[in-house]
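Colleague: Handing you a structure now.
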Amino acid sequence: MALAPLTLPRDIVGATAGPLAHDIDARWLMAYAAGLGETDARYFDTLASSGPAAHPLFPVCYEWPALLALRAVTTSDEVAIRSVHATHDLVLHRPIRAGETLHTTAHVTGLAHRRTGTLLTTRNETVDDQGRPVSTTDYGSVYRGVGFEGADAGERTTTSREAAFPDGGSLLNADVPAGLAHTYTECARIWNPIHTDVAVARAAGLPGIILHGTATLALAISCILRHVRTDPRAVRRVRARFTGMVSLPSSLTVHMVPSPGDNMLRFEVAHDQAVVISAGTLHLT
């Protein structure tokens with residue numbers, strides 16, 4: 001007897017998890033930066049009035065528990081392991097500070113049919129104790145080989161072809177040491193065994209463990225900020241599409257091009273001559 005195809009219920013659009021509270025302390029902020037190999041003193045300055053600066057990608061740390069809670073009420077374990085991070089759009093409404101408590105709510109915003117399966121989009125909204133917005137992330141995951149009945153539901157996701165990446169700009173390099181996935185897992189407090197357990201990774205059809213997509217993106221942002229000598233607290237938005245996997249150890253090449261007349265930098269990231277992050281934009285104040 002043939003097995004029933006894996007599907008997602010269409011009515012999960014609108015499902016919500018949270019709010020979940022997170023105490024943001026200097027130790028966590030510094031650990032995340034150190035896990036990425038940062039040396040900028042601003043990430044470790046506990047004498048500063050607002051404490052150490054948060055890396056622009058730090059929101060992925062406190063968003064992870066909300067995403068897990070949302071996954072628990074919307075998908076089965078069999079379906080959940082087929083999820084691949086596809087898109088990331090982070091808006092920082094203001095810098096994150098040590099010593100504050102933040103509250104994150106995650107909800108499913110849309111389902112869309114894709115050639116390889118289903119694109120599920122979620123929105124993570126984080127506020128402070130007074131309910132003021134701190135960060136908002138639209139997070140897209142493709143569930144490979146998983147379908148759903150009916151037409152696309154919820155917010156529309158554009159499928160337009162990406163414009164060719166412009167010539168010029170700067171080529172930056174970032175090393176990916178053999179132990180980075182394990183270090184990142186512990187420092188970010190994001191645990192997914194395909195990034196740390198070779199047996200699980202191979203059972204999922206991978207040749208070995210791979211680096212987290214958010215770690216790849218964070219390394220790229222770090223490279224760019226060092227190159228343009230910009231305070232990490234000046235970042236207001238990061239957008240990207242994940243298009244490939246990164247093995248360990250290895251190296252990354254970040255191609256960065258400024259957008260004339262705009263506080264925006266375009267970038268893409270390559271690994272072994274293949275683009276693994278495309279359509280990247282970094283917006284500054």
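Residues in the structure tokens are named by chain (A, B, ... in the order shown) and by number from 1 within that chain; ligands are numbered from 1 in the order shown.
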Could you pull out the residues in region 211-282 of chain A that DSSP calls helix (DSSP H, G or I) from the backbone, as a PyMOL selection string?
Modeller: chain A and resi 213-228+232-234
Colleague: Can you tell me which residues surround Val142 (chain A) at a distance of at most 7 Å, considering only C-alpha atoms, apart from same-chain residues fewer than 5 positions away, and format the answer as a list in words?
Modeller: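 Once the nearby chain positions are removed, what remains is Ser83, Val84, His85, Ala86, Gly117, Thr118, Leu119 and Leu120 of chain A.
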Colleague: Taking into account only C-alpha atoms, which residue in the set A:Pro258, A:Gly147, A:Val276, A:Pro232 is nearest to Ala41 (chain A)?
Modeller: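 Closest to Ala41 (chain A), using only C-alpha atoms: A:Pro232.
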Colleague: Return the single residue from A:Asp45, A:Glu38, A:Phe267, A:Ala69 that is closest to Gly280 (chain A), with distances computed using only C-alpha atoms.
Modeller: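 Going through A:Asp45, A:Glu38, A:Phe267, A:Ala69 one by one, the smallest distance to Gly280 (chain A) is for A:Phe267.
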Colleague: Please return as a PDB file with N, CA and C atoms, in the first residue's frame: the residues of region 25-255 of chain A that backbone DSSP assigns to strand (DSSP E).
Modeller:
```
ATOM      1  N   SER A  83      11.708  20.878   6.827  1.00  0.00           N
ATOM      2  CA  SER A  83      11.747  22.326   6.707  1.00  0.00           C
ATOM      3  C   SER A  83      13.158  22.822   6.397  1.00  0.00           C
ATOM      4  N   VAL A  84      13.267  23.737   5.435  1.00  0.00           N
ATOM      5  CA  VAL A  84      14.532  24.375   5.076  1.00  0.00           C
ATOM      6  C   VAL A  84      14.316  25.885   5.097  1.00  0.00           C
ATOM      7  N   HIS A  85      15.170  26.596   5.824  1.00  0.00           N
ATOM      8  CA  HIS A  85      15.077  28.053   5.893  1.00  0.00           C
ATOM      9  C   HIS A  85      15.294  28.636   4.497  1.00  0.00           C
ATOM     10  N   ALA A  86      14.344  29.424   4.018  1.00  0.00           N
ATOM     11  CA  ALA A  86      14.401  29.916   2.634  1.00  0.00           C
ATOM     12  C   ALA A  86      14.566  31.427   2.539  1.00  0.00           C
ATOM     13  N   THR A  87      13.861  32.192   3.375  1.00  0.00           N
ATOM     14  CA  THR A  87      13.934  33.649   3.297  1.00  0.00           C
ATOM     15  C   THR A  87      13.983  34.245   4.695  1.00  0.00           C
ATOM     16  N   HIS A  88      14.583  35.424   4.792  1.00  0.00           N
ATOM     17  CA  HIS A  88      14.704  36.099   6.085  1.00  0.00           C
ATOM     18  C   HIS A  88      14.602  37.604   5.836  1.00  0.00           C
ATOM     19  N   ASP A  89      13.713  38.247   6.569  1.00  0.00           N
ATOM     20  CA  ASP A  89      13.541  39.700   6.449  1.00  0.00           C
ATOM     21  C   ASP A  89      13.373  40.252   7.866  1.00  0.00           C
ATOM     22  N   LEU A  90      14.461  40.788   8.397  1.00  0.00           N
ATOM     23  CA  LEU A  90      14.514  41.293   9.771  1.00  0.00           C
ATOM     24  C   LEU A  90      14.483  42.812   9.780  1.00  0.00           C
ATOM     25  N   VAL A  91      13.580  43.378  10.571  1.00  0.00           N
ATOM     26  CA  VAL A  91      13.531  44.824  10.806  1.00  0.00           C
ATOM     27  C   VAL A  91      13.843  45.072  12.278  1.00  0.00           C
ATOM     28  N   LEU A  92      14.850  45.900  12.532  1.00  0.00           N
ATOM     29  CA  LEU A  92      15.212  46.294  13.888  1.00  0.00           C
ATOM     30  C   LEU A  92      14.638  47.682  14.148  1.00  0.00           C
ATOM     31  N   GLU A 100      17.187  43.983  29.553  1.00  0.00           N
ATOM     32  CA  GLU A 100      15.759  44.130  29.299  1.00  0.00           C
ATOM     33  C   GLU A 100      15.111  42.769  29.072  1.00  0.00           C
ATOM     34  N   THR A 101      13.797  42.746  29.263  1.00  0.00           N
ATOM     35  CA  THR A 101      13.008  41.549  28.983  1.00  0.00           C
ATOM     36  C   THR A 101      12.183  41.803  27.730  1.00  0.00           C
ATOM     37  N   LEU A 102      12.284  40.893  26.778  1.00  0.00           N
ATOM     38  CA  LEU A 102      11.565  41.019  25.516  1.00  0.00           C
ATOM     39  C   LEU A 102      10.531  39.901  25.411  1.00  0.00           C
ATOM     40  N   HIS A 103       9.503  40.149  24.591  1.00  0.00           N
ATOM     41  CA  HIS A 103       8.392  39.209  24.454  1.00  0.00           C
ATOM     42  C   HIS A 103       8.140  38.973  22.968  1.00  0.00           C
ATOM     43  N   THR A 104       8.217  37.710  22.536  1.00  0.00           N
ATOM     44  CA  THR A 104       8.088  37.361  21.117  1.00  0.00           C
ATOM     45  C   THR A 104       6.831  36.538  20.869  1.00  0.00           C
ATOM     46  N   THR A 105       6.086  36.955  19.856  1.00  0.00           N
ATOM     47  CA  THR A 105       4.919  36.210  19.383  1.00  0.00           C
ATOM     48  C   THR A 105       5.164  35.809  17.932  1.00  0.00           C
ATOM     49  N   ALA A 106       4.917  34.550  17.615  1.00  0.00           N
ATOM     50  CA  ALA A 106       5.084  34.053  16.250  1.00  0.00           C
ATOM     51  C   ALA A 106       3.743  33.601  15.705  1.00  0.00           C
ATOM     52  N   HIS A 107       3.467  33.918  14.442  1.00  0.00           N
ATOM     53  CA  HIS A 107       2.236  33.414  13.841  1.00  0.00           C
ATOM     54  C   HIS A 107       2.444  33.110  12.362  1.00  0.00           C
ATOM     55  N   VAL A 108       1.701  32.133  11.878  1.00  0.00           N
ATOM     56  CA  VAL A 108       1.783  31.744  10.469  1.00  0.00           C
ATOM     57  C   VAL A 108       1.063  32.795   9.630  1.00  0.00           C
ATOM     58  N   THR A 109       1.767  33.316   8.631  1.00  0.00           N
ATOM     59  CA  THR A 109       1.181  34.361   7.788  1.00  0.00           C
ATOM     60  C   THR A 109       0.778  33.870   6.404  1.00  0.00           C
ATOM     61  N   GLY A 110       1.292  32.723   5.965  1.00  0.00           N
ATOM     62  CA  GLY A 110       0.905  32.289   4.626  1.00  0.00           C
ATOM     63  C   GLY A 110       1.415  30.906   4.262  1.00  0.00           C
ATOM     64  N   LEU A 111       0.721  30.294   3.301  1.00  0.00           N
ATOM     65  CA  LEU A 111       1.139  29.047   2.674  1.00  0.00           C
ATOM     66  C   LEU A 111       1.116  29.264   1.164  1.00  0.00           C
ATOM     67  N   ALA A 112       2.145  28.789   0.489  1.00  0.00           N
ATOM     68  CA  ALA A 112       2.198  28.943  -0.963  1.00  0.00           C
ATOM     69  C   ALA A 112       2.785  27.686  -1.591  1.00  0.00           C
ATOM     70  N   HIS A 113       2.192  27.276  -2.709  1.00  0.00           N
ATOM     71  CA  HIS A 113       2.697  26.108  -3.441  1.00  0.00           C
ATOM     72  C   HIS A 113       4.015  26.465  -4.128  1.00  0.00           C
ATOM     73  N   ARG A 114       4.973  25.568  -4.022  1.00  0.00           N
ATOM     74  CA  ARG A 114       6.248  25.717  -4.692  1.00  0.00           C
ATOM     75  C   ARG A 114       6.583  24.411  -5.400  1.00  0.00           C
ATOM     76  N   GLY A 117       7.747  21.872  -2.956  1.00  0.00           N
ATOM     77  CA  GLY A 117       6.920  21.594  -1.781  1.00  0.00           C
ATOM     78  C   GLY A 117       6.054  22.794  -1.419  1.00  0.00           C
ATOM     79  N   THR A 118       6.088  23.172  -0.150  1.00  0.00           N
ATOM     80  CA  THR A 118       5.260  24.267   0.355  1.00  0.00           C
ATOM     81  C   THR A 118       6.123  25.317   1.035  1.00  0.00           C
ATOM     82  N   LEU A 119       5.886  26.577   0.690  1.00  0.00           N
ATOM     83  CA  LEU A 119       6.525  27.692   1.390  1.00  0.00           C
ATOM     84  C   LEU A 119       5.597  28.150   2.504  1.00  0.00           C
ATOM     85  N   LEU A 120       6.066  28.023   3.737  1.00  0.00           N
ATOM     86  CA  LEU A 120       5.315  28.487   4.900  1.00  0.00           C
ATOM     87  C   LEU A 120       6.003  29.727   5.437  1.00  0.00           C
ATOM     88  N   THR A 121       5.254  30.816   5.588  1.00  0.00           N
ATOM     89  CA  THR A 121       5.833  32.045   6.110  1.00  0.00           C
ATOM     90  C   THR A 121       5.277  32.346   7.494  1.00  0.00           C
ATOM     91  N   THR A 122       6.165  32.834   8.348  1.00  0.00           N
ATOM     92  CA  THR A 122       5.775  33.222   9.699  1.00  0.00           C
ATOM     93  C   THR A 122       6.274  34.623   9.977  1.00  0.00           C
ATOM     94  N   ARG A 123       5.642  35.262  10.929  1.00  0.00           N
ATOM     95  CA  ARG A 123       6.111  36.579  11.389  1.00  0.00           C
ATOM     96  C   ARG A 123       6.383  36.499  12.886  1.00  0.00           C
ATOM     97  N   ASN A 124       7.572  36.927  13.263  1.00  0.00           N
ATOM     98  CA  ASN A 124       7.962  36.981  14.673  1.00  0.00           C
ATOM     99  C   ASN A 124       7.979  38.453  15.089  1.00  0.00           C
ATOM    100  N   GLU A 125       7.128  38.794  16.025  1.00  0.00           N
ATOM    101  CA  GLU A 125       7.039  40.183  16.490  1.00  0.00           C
ATOM    102  C   GLU A 125       7.491  40.240  17.940  1.00  0.00           C
ATOM    103  N   THR A 126       8.480  41.074  18.209  1.00  0.00           N
ATOM    104  CA  THR A 126       9.047  41.177  19.547  1.00  0.00           C
ATOM    105  C   THR A 126       8.880  42.596  20.077  1.00  0.00           C
ATOM    106  N   VAL A 127       8.411  42.677  21.315  1.00  0.00           N
ATOM    107  CA  VAL A 127       8.177  43.977  21.969  1.00  0.00           C
ATOM    108  C   VAL A 127       8.860  43.967  23.333  1.00  0.00           C
ATOM    109  N   PRO A 133       7.594  48.113  19.942  1.00  0.00           N
ATOM    110  CA  PRO A 133       8.263  47.167  19.031  1.00  0.00           C
ATOM    111  C   PRO A 133       9.779  47.244  19.113  1.00  0.00           C
ATOM    112  N   VAL A 134      10.413  46.088  19.087  1.00  0.00           N
ATOM    113  CA  VAL A 134      11.873  45.989  19.102  1.00  0.00           C
ATOM    114  C   VAL A 134      12.368  45.389  17.787  1.00  0.00           C
ATOM    115  N   SER A 135      11.783  44.269  17.368  1.00  0.00           N
ATOM    116  CA  SER A 135      12.170  43.660  16.088  1.00  0.00           C
ATOM    117  C   SER A 135      10.986  42.920  15.494  1.00  0.00           C
ATOM    118  N   THR A 136      10.995  42.836  14.161  1.00  0.00           N
ATOM    119  CA  THR A 136       9.989  42.074  13.427  1.00  0.00           C
ATOM    120  C   THR A 136      10.704  41.281  12.350  1.00  0.00           C
ATOM    121  N   THR A 137      10.435  39.976  12.287  1.00  0.00           N
ATOM    122  CA  THR A 137      11.071  39.137  11.271  1.00  0.00           C
ATOM    123  C   THR A 137      10.026  38.345  10.509  1.00  0.00           C
ATOM    124  N   ASP A 138      10.064  38.452   9.188  1.00  0.00           N
ATOM    125  CA  ASP A 138       9.295  37.565   8.323  1.00  0.00           C
ATOM    126  C   ASP A 138      10.229  36.440   7.895  1.00  0.00           C
ATOM    127  N   TYR A 139       9.818  35.219   8.216  1.00  0.00           N
ATOM    128  CA  TYR A 139      10.684  34.040   8.117  1.00  0.00           C
ATOM    129  C   TYR A 139      10.006  33.030   7.200  1.00  0.00           C
ATOM    130  N   GLY A 140      10.683  32.671   6.116  1.00  0.00           N
ATOM    131  CA  GLY A 140      10.106  31.722   5.171  1.00  0.00           C
ATOM    132  C   GLY A 140      10.813  30.382   5.218  1.00  0.00           C
ATOM    133  N   SER A 141      10.034  29.289   5.259  1.00  0.00           N
ATOM    134  CA  SER A 141      10.586  27.944   5.256  1.00  0.00           C
ATOM    135  C   SER A 141       9.932  27.138   4.146  1.00  0.00           C
ATOM    136  N   VAL A 142      10.721  26.414   3.383  1.00  0.00           N
ATOM    137  CA  VAL A 142      10.192  25.497   2.383  1.00  0.00           C
ATOM    138  C   VAL A 142      10.166  24.097   2.990  1.00  0.00           C
ATOM    139  N   TYR A 143       8.977  23.483   2.968  1.00  0.00           N
ATOM    140  CA  TYR A 143       8.816  22.108   3.420  1.00  0.00           C
ATOM    141  C   TYR A 143       8.895  21.213   2.198  1.00  0.00           C
ATOM    142  N   ARG A 144      10.047  20.579   2.028  1.00  0.00           N
ATOM    143  CA  ARG A 144      10.316  19.794   0.824  1.00  0.00           C
ATOM    144  C   ARG A 144       9.439  18.552   0.769  1.00  0.00           C
ATOM    145  N   ALA A 153      -2.681  30.543   0.496  1.00  0.00           N
ATOM    146  CA  ALA A 153      -3.466  31.164   1.558  1.00  0.00           C
ATOM    147  C   ALA A 153      -2.627  32.184   2.312  1.00  0.00           C
ATOM    148  N   GLY A 154      -3.302  33.202   2.850  1.00  0.00           N
ATOM    149  CA  GLY A 154      -2.617  34.207   3.646  1.00  0.00           C
ATOM    150  C   GLY A 154      -1.926  35.243   2.791  1.00  0.00           C
ATOM    151  N   SER A 170      32.864  45.174  -3.624  1.00  0.00           N
ATOM    152  CA  SER A 170      33.985  44.580  -2.905  1.00  0.00           C
ATOM    153  C   SER A 170      33.752  43.094  -2.675  1.00  0.00           C
ATOM    154  N   LEU A 171      34.832  42.327  -2.713  1.00  0.00           N
ATOM    155  CA  LEU A 171      34.789  40.907  -2.386  1.00  0.00           C
ATOM    156  C   LEU A 171      35.455  40.710  -1.027  1.00  0.00           C
ATOM    157  N   LEU A 172      34.701  40.173  -0.074  1.00  0.00           N
ATOM    158  CA  LEU A 172      35.168  39.989   1.286  1.00  0.00           C
ATOM    159  C   LEU A 172      35.186  38.498   1.604  1.00  0.00           C
ATOM    160  N   ASN A 173      36.044  38.086   2.515  1.00  0.00           N
ATOM    161  CA  ASN A 173      36.187  36.669   2.828  1.00  0.00           C
ATOM    162  C   ASN A 173      35.918  36.397   4.299  1.00  0.00           C
ATOM    163  N   ALA A 174      35.314  35.242   4.567  1.00  0.00           N
ATOM    164  CA  ALA A 174      35.065  34.811   5.934  1.00  0.00           C
ATOM    165  C   ALA A 174      35.375  33.330   6.048  1.00  0.00           C
ATOM    166  N   ASP A 175      36.150  32.976   7.047  1.00  0.00           N
ATOM    167  CA  ASP A 175      36.454  31.568   7.288  1.00  0.00           C
ATOM    168  C   ASP A 175      35.327  30.908   8.076  1.00  0.00           C
ATOM    169  N   VAL A 176      35.096  29.618   7.772  1.00  0.00           N
ATOM    170  CA  VAL A 176      34.118  28.812   8.507  1.00  0.00           C
ATOM    171  C   VAL A 176      34.888  27.653   9.134  1.00  0.00           C
ATOM    172  N   VAL A 235      22.310  49.282  12.089  1.00  0.00           N
ATOM    173  CA  VAL A 235      21.569  48.410  11.170  1.00  0.00           C
ATOM    174  C   VAL A 235      20.082  48.461  11.502  1.00  0.00           C
ATOM    175  N   ARG A 236      19.270  48.642  10.466  1.00  0.00           N
ATOM    176  CA  ARG A 236      17.825  48.709  10.661  1.00  0.00           C
ATOM    177  C   ARG A 236      17.063  47.608   9.929  1.00  0.00           C
ATOM    178  N   ARG A 237      17.686  47.008   8.923  1.00  0.00           N
ATOM    179  CA  ARG A 237      16.991  45.933   8.227  1.00  0.00           C
ATOM    180  C   ARG A 237      17.989  45.021   7.533  1.00  0.00           C
ATOM    181  N   VAL A 238      17.699  43.718   7.530  1.00  0.00           N
ATOM    182  CA  VAL A 238      18.495  42.725   6.811  1.00  0.00           C
ATOM    183  C   VAL A 238      17.528  41.816   6.069  1.00  0.00           C
ATOM    184  N   ARG A 239      17.732  41.675   4.762  1.00  0.00           N
ATOM    185  CA  ARG A 239      16.892  40.788   3.958  1.00  0.00           C
ATOM    186  C   ARG A 239      17.795  39.850   3.171  1.00  0.00           C
ATOM    187  N   ALA A 240      17.348  38.593   2.975  1.00  0.00           N
ATOM    188  CA  ALA A 240      18.156  37.633   2.222  1.00  0.00           C
ATOM    189  C   ALA A 240      17.330  36.420   1.855  1.00  0.00           C
ATOM    190  N   ARG A 241      17.808  35.704   0.819  1.00  0.00           N
ATOM    191  CA  ARG A 241      17.263  34.407   0.437  1.00  0.00           C
ATOM    192  C   ARG A 241      18.365  33.376   0.568  1.00  0.00           C
ATOM    193  N   PHE A 242      18.026  32.221   1.130  1.00  0.00           N
ATOM    194  CA  PHE A 242      18.994  31.138   1.278  1.00  0.00           C
ATOM    195  C   PHE A 242      18.851  30.191   0.092  1.00  0.00           C
ATOM    196  N   SER A 250      35.238  25.442   5.812  1.00  0.00           N
ATOM    197  CA  SER A 250      35.205  26.001   4.464  1.00  0.00           C
ATOM    198  C   SER A 250      35.429  27.503   4.572  1.00  0.00           C
ATOM    199  N   SER A 251      35.134  28.196   3.508  1.00  0.00           N
ATOM    200  CA  SER A 251      35.241  29.655   3.515  1.00  0.00           C
ATOM    201  C   SER A 251      34.111  30.242   2.684  1.00  0.00           C
ATOM    202  N   LEU A 252      33.787  31.483   2.961  1.00  0.00           N
ATOM    203  CA  LEU A 252      32.729  32.201   2.259  1.00  0.00           C
ATOM    204  C   LEU A 252      33.317  33.413   1.554  1.00  0.00           C
ATOM    205  N   THR A 253      32.703  33.770   0.434  1.00  0.00           N
ATOM    206  CA  THR A 253      33.036  35.014  -0.254  1.00  0.00           C
ATOM    207  C   THR A 253      31.790  35.884  -0.265  1.00  0.00           C
ATOM    208  N   VAL A 254      31.917  37.071   0.282  1.00  0.00           N
ATOM    209  CA  VAL A 254      30.802  38.019   0.350  1.00  0.00           C
ATOM    210  C   VAL A 254      31.038  39.107  -0.687  1.00  0.00           C
ATOM    211  N   HIS A 255      30.124  39.206  -1.647  1.00  0.00           N
ATOM    212  CA  HIS A 255      30.194  40.249  -2.670  1.00  0.00           C
ATOM    213  C   HIS A 255      29.244  41.362  -2.264  1.00  0.00           C
TER     214      HIS A 255
END
```
Colleague: From the options A:Thr196, A:Asn263, A:Pro177, A:Ala21, which residue's atoms come nearest to Ala66 (chain A), counting only C-alpha atoms?
Modeller: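 Nearest to Ala66 (chain A): A:Ala21.
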Colleague: Do a neighbour search on region 24-37 of chain A at 8 Å with only C-alpha atoms, toss out local chain neighbours closer than 4 positions, and write the hits as a list in words.
Modeller: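 Using only C-alpha atoms, the neighbours found are Tyr43, Phe44, Thr46, Gly51, Pro52, Ala53, Ala54, His55, Phe58, Arg97, Ala98, Gly99, Glu100, Thr101, Leu102, Leu180, Thr183, Tyr184, Cys187, Ala188, Ala215, Ala218 and Leu219 of chain A.
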Colleague: Nearest residue to Trp64 (chain A) out of A:Leu6, A:Ala203, A:Val246, A:Leu20, using only C-alpha atoms?
Modeller: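 Closest to Trp64 (chain A), using only C-alpha atoms: A:Leu20.
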Colleague: For Thr214 (chain A), list every protein, DNA or RNA residue within 8 Å, evaluated using only C-alpha atoms, and leave out those in the same chain fewer than 2 positions away; present the list as a ChimeraX atom specification.
Modeller: /A:57,60,212,216-218
Colleague: Could you save the residues just selected, with C-alpha atoms, as an mmCIF file, in the first residue's frame?
Modeller:
```cif
data_model
loop_
_atom_site.group_PDB
_atom_site.id
_atom_site.type_symbol
_atom_site.label_atom_id
_atom_site.label_comp_id
_atom_site.auth_asym_id
_atom_site.auth_seq_id
_atom_site.Cartn_x
_atom_site.Cartn_y
_atom_site.Cartn_z
ATOM 1 C CA LEU A 57 21.345 39.027 13.754
ATOM 2 C CA VAL A 60 17.319 34.917 15.772
ATOM 3 C CA HIS A 212 23.048 27.240 10.149
ATOM 4 C CA THR A 216 26.048 32.199 7.348
ATOM 5 C CA LEU A 217 23.995 35.389 7.175
ATOM 6 C CA ALA A 218 25.494 36.721 10.421
#
```
Colleague: Quick one: pull the distance between CA of Ala151 (chain A) and CA of Ile277 (chain A), Å, one decimal.
Modeller: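 Between CA of Ala151 (chain A) and CA of Ile277 (chain A) the gap is 28.6 Å.
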Colleague: Of the residues A:Ala164, A:Met264, A:Arg82, A:Leu282, which is the one nearest to Gly205 (chain A), using only C-alpha atoms?
Modeller: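 Ranking A:Ala164, A:Met264, A:Arg82, A:Leu282 by distance to Gly205 (chain A), first place goes to A:Arg82.
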Colleague: Would you list the contacts of Pro9 (chain A) as a list of chain:residue names, taking every protein, DNA or RNA residue within 9 Å and counting only C-alpha atoms, but skipping same-chain residues closer than 5 positions in sequence?
Modeller: A:Thr74, A:Thr75, A:Gly147, A:Phe148, A:Glu149
